[in-house]
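*Asks:* One structure is given below, represented as structure tokens, and several questions about it will come after.
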Amino acid sequence: MTEYKLTERERSVLHGFAQGLEADAIAENLGITTEQVEQISLNILHKLFTGAVHQLTAATPTDASCEEELVCV
């Protein structure tokens with residue numbers, strides 16, 4: 001399975017958002033621009049979404065057992 005690791009900068013931005021900070025406050029704390037924070041946020045979302053989709057598709061039933069489930073992907 002592919003693992004999508006966050007960089008130190010991505011973790012710092014994510015931590016700032018987790019603390020309830022706005023993008024401009026995070027940018028100021030890290031000494032970068034708000035646009036960079038926004039781009040880093042998109043990178044984080046991409047990595048997390050890609051990882052989630054990969055896990056979901058790897059765990060999707062491919063046989064008749066899918067008929068027993070309420071929702072199949």
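Labels used: A, B, ... for chains in the order of the structure tokens, numbers from 1 for residues in each chain, and numbers from 1 for ligands as shown.
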May I have the residues within 12 Å of Arg9 in chain A as number ranges by chain, using only C-alpha atoms and disregarding those fewer than 2 positions away in the same chain?
*Replies:* A: 5-7, 11-16, 26-27, 29-32, 36-37, 39-41, 43-44
*Asks:* As an exercise, work out the distance from CA of Thr34 in chain A to CA of Glu22 in chain A in Å and give it to one decimal place.
*Replies:*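 Spanning CA of Thr34 in chain A to CA of Glu22 in chain A is a straight-line distance of 9.4 Å.
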*Asks:* Using CA of Ala18 in chain A and CA of Leu48 in chain A as the two end points, give the distance in Å to one decimal.
*Replies:*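 About the pair CA of Ala18 in chain A and CA of Leu48 in chain A: they are 15.2 Å apart.
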*Asks:* Quick one: distance from CA of Glu28 in chain A to CA of Tyr4 in chain A in Å, one decimal?
*Replies:*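 Atom-to-atom, CA of Glu28 in chain A and CA of Tyr4 in chain A are spaced 26.8 Å apart.
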*Asks:* From the set A:Glu38, A:His46, A:Thr33, A:Thr57, which residue has the shortest atom-to-atom contact distance to Phe17 in chain A, counting only C-alpha atoms?
*Replies:*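 Using only C-alpha atoms, the shortest distance to Phe17 in chain A belongs to A:Glu38.
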